[in-house]
Amino acid sequence: MSADRVIELLQKAYGDEIETVMNYQTNAIVLDGVRAEEIKGSLEQDIQEELTHARQLGNRLKQLGARPPSSAAFTARQDSLQPPADSTDVLAVIRGVLDAESDAIETYRSLVDAAREAGDPVTEDLAVTILADEEAHRTEFRGFEKEYQS
């Protein structure tokens, strides 16, 4: 696997993190109801973590002689994380977060493999660290999903 694949995955991950920030922020604003408060609080906390991930990915791209994508290169893909029509549909947001986290986990696992194959231990380490954060967040939201299904 080449360094080009590593850069491609870093750029994808960067865009995904920025899109996640936008969607978490929007959902934290639009969700209504007493039951939504814990989810809103979690989303608001995670916004800073996702921004940090994007910054780390962007810096790594720069170190590799590439650049993070800007808005002209952006393609939104998180359909399930769009705010629900019913602003009290907390379960829809939880499931959207789970979809986004699963996609991120898949991307970071691919990045770990690509970086390893390209002989890039710095990118591999970064991807492993962010992967652990994304898995922890998915676990948290799986717990929320169980609570809302009972």
# chains A, B, ... in the order shown; residues from 1 in each chain; ligands from 1
call {"tool": "residues_around", "arguments": {"residues": "stretch 61-71 of chain A", "least_positions_apart": "2", "cutoff": "7 Å", "atoms": "only C-alpha atoms", "output": "VMD selection string"}}
result
chain A and resid 7 10 to 11 14 to 15 57 to 59 73 to 74
call {"tool": "residues_around", "arguments": {"residues": "A:Ala100", "least_positions_apart": "6", "cutoff": "8 Å", "atoms": "only C-alpha atoms", "output": "JSON, numbers by chain"}}
result
{"A": [20, 78, 81]}
call {"tool": "select_by_dssp", "arguments": {"residues": "stretch 10-128 of chain A", "states": "alpha helix (DSSP H)", "output": "short mmCIF file (atom, residue, chain, number, x, y, z; two decimals) with C-alpha atoms, in the first residue's frame"}}
result
data_model
loop_
_atom_site.label_atom_id
_atom_site.label_comp_id
_atom_site.auth_asym_id
_atom_site.auth_seq_id
_atom_site.Cartn_x
_atom_site.Cartn_y
_atom_site.Cartn_z
CA LEU A 10 -6.35 10.97 6.29
CA GLN A 11 -8.29 13.39 4.08
CA LYS A 12 -11.46 11.27 4.32
CA ALA A 13 -11.13 11.06 8.09
CA TYR A 14 -10.59 14.83 8.31
CA GLY A 15 -13.75 15.52 6.32
CA ASP A 16 -15.72 13.03 8.38
CA GLU A 17 -14.61 14.65 11.63
CA ILE A 18 -15.63 18.12 10.40
CA GLU A 19 -19.01 16.81 9.23
CA THR A 20 -19.52 15.10 12.58
CA VAL A 21 -18.85 18.38 14.40
CA MET A 22 -21.49 20.11 12.28
CA ASN A 23 -24.07 17.40 12.86
CA TYR A 24 -23.37 17.02 16.58
CA GLN A 25 -23.68 20.79 17.01
CA THR A 26 -26.93 20.95 15.08
CA ASN A 27 -28.47 18.01 16.93
CA ALA A 28 -27.39 19.43 20.29
CA ILE A 29 -29.23 22.63 19.39
CA VAL A 30 -32.43 21.18 17.91
CA GLU A 37 -30.62 16.69 27.87
CA GLU A 38 -28.12 13.89 28.53
CA ILE A 39 -27.67 13.25 24.80
CA LYS A 40 -27.26 16.96 24.08
CA GLY A 41 -24.64 17.22 26.81
CA SER A 42 -22.72 14.25 25.45
CA LEU A 43 -22.80 15.65 21.91
CA GLU A 44 -21.57 19.03 23.11
CA GLN A 45 -18.63 17.42 24.93
CA ASP A 46 -17.76 15.31 21.92
CA ILE A 47 -17.64 18.31 19.58
CA GLN A 48 -14.33 19.39 21.12
CA GLU A 49 -12.91 15.88 20.84
CA GLU A 50 -13.91 15.64 17.18
CA LEU A 51 -12.39 19.07 16.47
CA THR A 52 -9.17 17.91 18.12
CA HIS A 53 -9.17 14.83 15.91
CA ALA A 54 -9.62 16.99 12.81
CA ARG A 55 -6.77 19.27 13.90
CA GLN A 56 -4.47 16.28 14.49
CA LEU A 57 -5.35 14.78 11.10
CA GLY A 58 -4.85 18.11 9.35
CA ASN A 59 -1.46 18.59 10.98
CA ARG A 60 -0.43 15.07 9.95
CA LEU A 61 -1.47 15.75 6.37
CA LYS A 62 0.67 18.89 6.38
CA GLN A 63 3.63 16.93 7.77
CA VAL A 90 -33.76 11.24 20.57
CA LEU A 91 -33.43 7.62 19.42
CA ALA A 92 -33.01 8.75 15.80
CA VAL A 93 -30.07 10.94 16.84
CA ILE A 94 -28.54 8.13 18.91
CA ARG A 95 -28.74 5.79 15.92
CA GLY A 96 -27.24 8.46 13.67
CA VAL A 97 -24.32 8.83 16.07
CA LEU A 98 -23.85 5.06 16.08
CA ASP A 99 -23.76 5.01 12.27
CA ALA A 100 -21.22 7.84 12.17
CA GLU A 101 -19.04 6.20 14.81
CA SER A 102 -19.13 2.85 13.02
CA ASP A 103 -18.05 4.55 9.79
CA ALA A 104 -15.25 6.37 11.61
CA ILE A 105 -14.07 3.15 13.22
CA GLU A 106 -13.94 1.47 9.82
CA THR A 107 -11.97 4.40 8.37
CA TYR A 108 -9.45 4.43 11.23
CA ARG A 109 -8.95 0.67 11.04
CA SER A 110 -8.23 1.05 7.32
CA LEU A 111 -5.85 3.91 8.10
CA VAL A 112 -4.00 1.81 10.69
CA ASP A 113 -3.53 -0.95 8.10
CA ALA A 114 -2.54 1.43 5.32
CA ALA A 115 -0.04 3.28 7.51
CA ARG A 116 1.48 0.01 8.69
CA GLU A 117 1.86 -1.22 5.11
CA PRO A 121 4.41 4.51 12.29
CA VAL A 122 3.47 8.10 13.17
CA THR A 123 0.23 7.98 11.20
CA GLU A 124 -0.42 4.47 12.48
CA ASP A 125 -0.07 5.67 16.09
CA LEU A 126 -2.35 8.65 15.47
CA ALA A 127 -4.99 6.41 13.88
CA VAL A 128 -4.84 3.92 16.76
#
call {"tool": "closest_residue", "arguments": {"among": "A:Leu31, A:Leu9, A:Ala132, A:Ala3", "to": "A:Asp86", "atoms": "only C-alpha atoms"}}
result
A:Leu31
call {"tool": "atom_distance", "arguments": {"atom1": "atom CA of A:Glu145", "atom2": "atom CA of A:Thr75"}}
result
27.9 Å
call {"tool": "atom_distance", "arguments": {"atom1": "atom CA of A:Asp89", "atom2": "atom CA of A:Arg138"}}
result
18.8 Å
call {"tool": "decode", "arguments": {"residues": "stretch 3-118 of chain A", "atoms": "C-alpha atoms", "output": "JSON list (two decimals), in the first residue's frame"}}
result
[["chain", "number", "residue", "atom", "x", "y", "z"],
["A", 3, "ALA", "CA", 1.63, 6.71, 0.91],
["A", 4, "ASP", "CA", -1.08, 8.00, -1.46],
["A", 5, "ARG", "CA", -3.62, 5.69, 0.20],
["A", 6, "VAL", "CA", -2.58, 6.97, 3.63],
["A", 7, "ILE", "CA", -3.13, 10.56, 2.49],
["A", 8, "GLU", "CA", -6.48, 9.65, 0.92],
["A", 9, "LEU", "CA", -7.67, 8.06, 4.18],
["A", 10, "LEU", "CA", -6.35, 10.97, 6.29],
["A", 11, "GLN", "CA", -8.29, 13.39, 4.08],
["A", 12, "LYS", "CA", -11.46, 11.27, 4.32],
["A", 13, "ALA", "CA", -11.13, 11.06, 8.09],
["A", 14, "TYR", "CA", -10.59, 14.83, 8.31],
["A", 15, "GLY", "CA", -13.75, 15.52, 6.32],
["A", 16, "ASP", "CA", -15.72, 13.03, 8.38],
["A", 17, "GLU", "CA", -14.61, 14.65, 11.63],
["A", 18, "ILE", "CA", -15.63, 18.12, 10.40],
["A", 19, "GLU", "CA", -19.01, 16.81, 9.23],
["A", 20, "THR", "CA", -19.52, 15.10, 12.58],
["A", 21, "VAL", "CA", -18.85, 18.38, 14.40],
["A", 22, "MET", "CA", -21.49, 20.11, 12.28],
["A", 23, "ASN", "CA", -24.07, 17.40, 12.86],
["A", 24, "TYR", "CA", -23.37, 17.02, 16.58],
["A", 25, "GLN", "CA", -23.68, 20.79, 17.01],
["A", 26, "THR", "CA", -26.93, 20.95, 15.08],
["A", 27, "ASN", "CA", -28.47, 18.01, 16.93],
["A", 28, "ALA", "CA", -27.39, 19.43, 20.29],
["A", 29, "ILE", "CA", -29.23, 22.63, 19.39],
["A", 30, "VAL", "CA", -32.43, 21.18, 17.91],
["A", 31, "LEU", "CA", -33.17, 18.26, 20.24],
["A", 32, "ASP", "CA", -36.00, 19.03, 22.67],
["A", 33, "GLY", "CA", -37.31, 17.48, 25.84],
["A", 34, "VAL", "CA", -36.13, 16.38, 29.24],
["A", 35, "ARG", "CA", -34.96, 13.03, 27.87],
["A", 36, "ALA", "CA", -32.76, 14.82, 25.35],
["A", 37, "GLU", "CA", -30.62, 16.69, 27.87],
["A", 38, "GLU", "CA", -28.12, 13.89, 28.53],
["A", 39, "ILE", "CA", -27.67, 13.25, 24.80],
["A", 40, "LYS", "CA", -27.26, 16.96, 24.08],
["A", 41, "GLY", "CA", -24.64, 17.22, 26.81],
["A", 42, "SER", "CA", -22.72, 14.25, 25.45],
["A", 43, "LEU", "CA", -22.80, 15.65, 21.91],
["A", 44, "GLU", "CA", -21.57, 19.03, 23.11],
["A", 45, "GLN", "CA", -18.63, 17.42, 24.93],
["A", 46, "ASP", "CA", -17.76, 15.31, 21.92],
["A", 47, "ILE", "CA", -17.64, 18.31, 19.58],
["A", 48, "GLN", "CA", -14.33, 19.39, 21.12],
["A", 49, "GLU", "CA", -12.91, 15.88, 20.84],
["A", 50, "GLU", "CA", -13.91, 15.64, 17.18],
["A", 51, "LEU", "CA", -12.39, 19.07, 16.47],
["A", 52, "THR", "CA", -9.17, 17.91, 18.12],
["A", 53, "HIS", "CA", -9.17, 14.83, 15.91],
["A", 54, "ALA", "CA", -9.62, 16.99, 12.81],
["A", 55, "ARG", "CA", -6.77, 19.27, 13.90],
["A", 56, "GLN", "CA", -4.47, 16.28, 14.49],
["A", 57, "LEU", "CA", -5.35, 14.78, 11.10],
["A", 58, "GLY", "CA", -4.85, 18.11, 9.35],
["A", 59, "ASN", "CA", -1.46, 18.59, 10.98],
["A", 60, "ARG", "CA", -0.43, 15.07, 9.95],
["A", 61, "LEU", "CA", -1.47, 15.75, 6.37],
["A", 62, "LYS", "CA", 0.67, 18.89, 6.38],
["A", 63, "GLN", "CA", 3.63, 16.93, 7.77],
["A", 64, "LEU", "CA", 3.24, 14.50, 4.88],
["A", 65, "GLY", "CA", 3.29, 17.32, 2.32],
["A", 66, "ALA", "CA", -0.47, 17.23, 1.71],
["A", 67, "ARG", "CA", -3.29, 19.38, 2.98],
["A", 68, "PRO", "CA", -6.64, 18.82, 4.60],
["A", 69, "PRO", "CA", -9.63, 19.25, 2.32],
["A", 70, "SER", "CA", -11.54, 22.52, 2.45],
["A", 71, "SER", "CA", -15.25, 23.08, 1.90],
["A", 72, "ALA", "CA", -14.98, 22.97, -1.90],
["A", 73, "ALA", "CA", -13.76, 19.37, -1.66],
["A", 74, "PHE", "CA", -16.34, 18.38, 0.92],
["A", 75, "THR", "CA", -19.07, 15.83, 0.27],
["A", 76, "ALA", "CA", -21.59, 15.28, 3.06],
["A", 77, "ARG", "CA", -22.34, 11.61, 3.73],
["A", 78, "GLN", "CA", -23.86, 11.37, 7.20],
["A", 79, "ASP", "CA", -27.49, 11.07, 6.13],
["A", 80, "SER", "CA", -28.59, 9.24, 9.27],
["A", 81, "LEU", "CA", -27.11, 11.94, 11.53],
["A", 82, "GLN", "CA", -29.29, 14.71, 10.10],
["A", 83, "PRO", "CA", -31.61, 16.26, 12.69],
["A", 84, "PRO", "CA", -34.91, 14.37, 12.86],
["A", 85, "ALA", "CA", -38.14, 16.06, 11.77],
["A", 86, "ASP", "CA", -39.46, 15.42, 15.29],
["A", 87, "SER", "CA", -37.14, 17.33, 17.61],
["A", 88, "THR", "CA", -37.96, 14.92, 20.45],
["A", 89, "ASP", "CA", -36.86, 11.82, 18.48],
["A", 90, "VAL", "CA", -33.76, 11.24, 20.57],
["A", 91, "LEU", "CA", -33.43, 7.62, 19.42],
["A", 92, "ALA", "CA", -33.01, 8.75, 15.80],
["A", 93, "VAL", "CA", -30.07, 10.94, 16.84],
["A", 94, "ILE", "CA", -28.54, 8.13, 18.91],
["A", 95, "ARG", "CA", -28.74, 5.79, 15.92],
["A", 96, "GLY", "CA", -27.24, 8.46, 13.67],
["A", 97, "VAL", "CA", -24.32, 8.83, 16.07],
["A", 98, "LEU", "CA", -23.85, 5.06, 16.08],
["A", 99, "ASP", "CA", -23.76, 5.01, 12.27],
["A", 100, "ALA", "CA", -21.22, 7.84, 12.17],
["A", 101, "GLU", "CA", -19.04, 6.20, 14.81],
["A", 102, "SER", "CA", -19.13, 2.85, 13.02],
["A", 103, "ASP", "CA", -18.05, 4.55, 9.79],
["A", 104, "ALA", "CA", -15.25, 6.37, 11.61],
["A", 105, "ILE", "CA", -14.07, 3.15, 13.22],
["A", 106, "GLU", "CA", -13.94, 1.47, 9.82],
["A", 107, "THR", "CA", -11.97, 4.40, 8.37],
["A", 108, "TYR", "CA", -9.45, 4.43, 11.23],
["A", 109, "ARG", "CA", -8.95, 0.67, 11.04],
["A", 110, "SER", "CA", -8.23, 1.05, 7.32],
["A", 111, "LEU", "CA", -5.85, 3.91, 8.10],
["A", 112, "VAL", "CA", -4.00, 1.81, 10.69],
["A", 113, "ASP", "CA", -3.53, -0.95, 8.10],
["A", 114, "ALA", "CA", -2.54, 1.43, 5.32],
["A", 115, "ALA", "CA", -0.04, 3.28, 7.51],
["A", 116, "ARG", "CA", 1.48, 0.01, 8.69],
["A", 117, "GLU", "CA", 1.86, -1.22, 5.11],
["A", 118, "ALA", "CA", 3.35, 2.12, 4.04]]
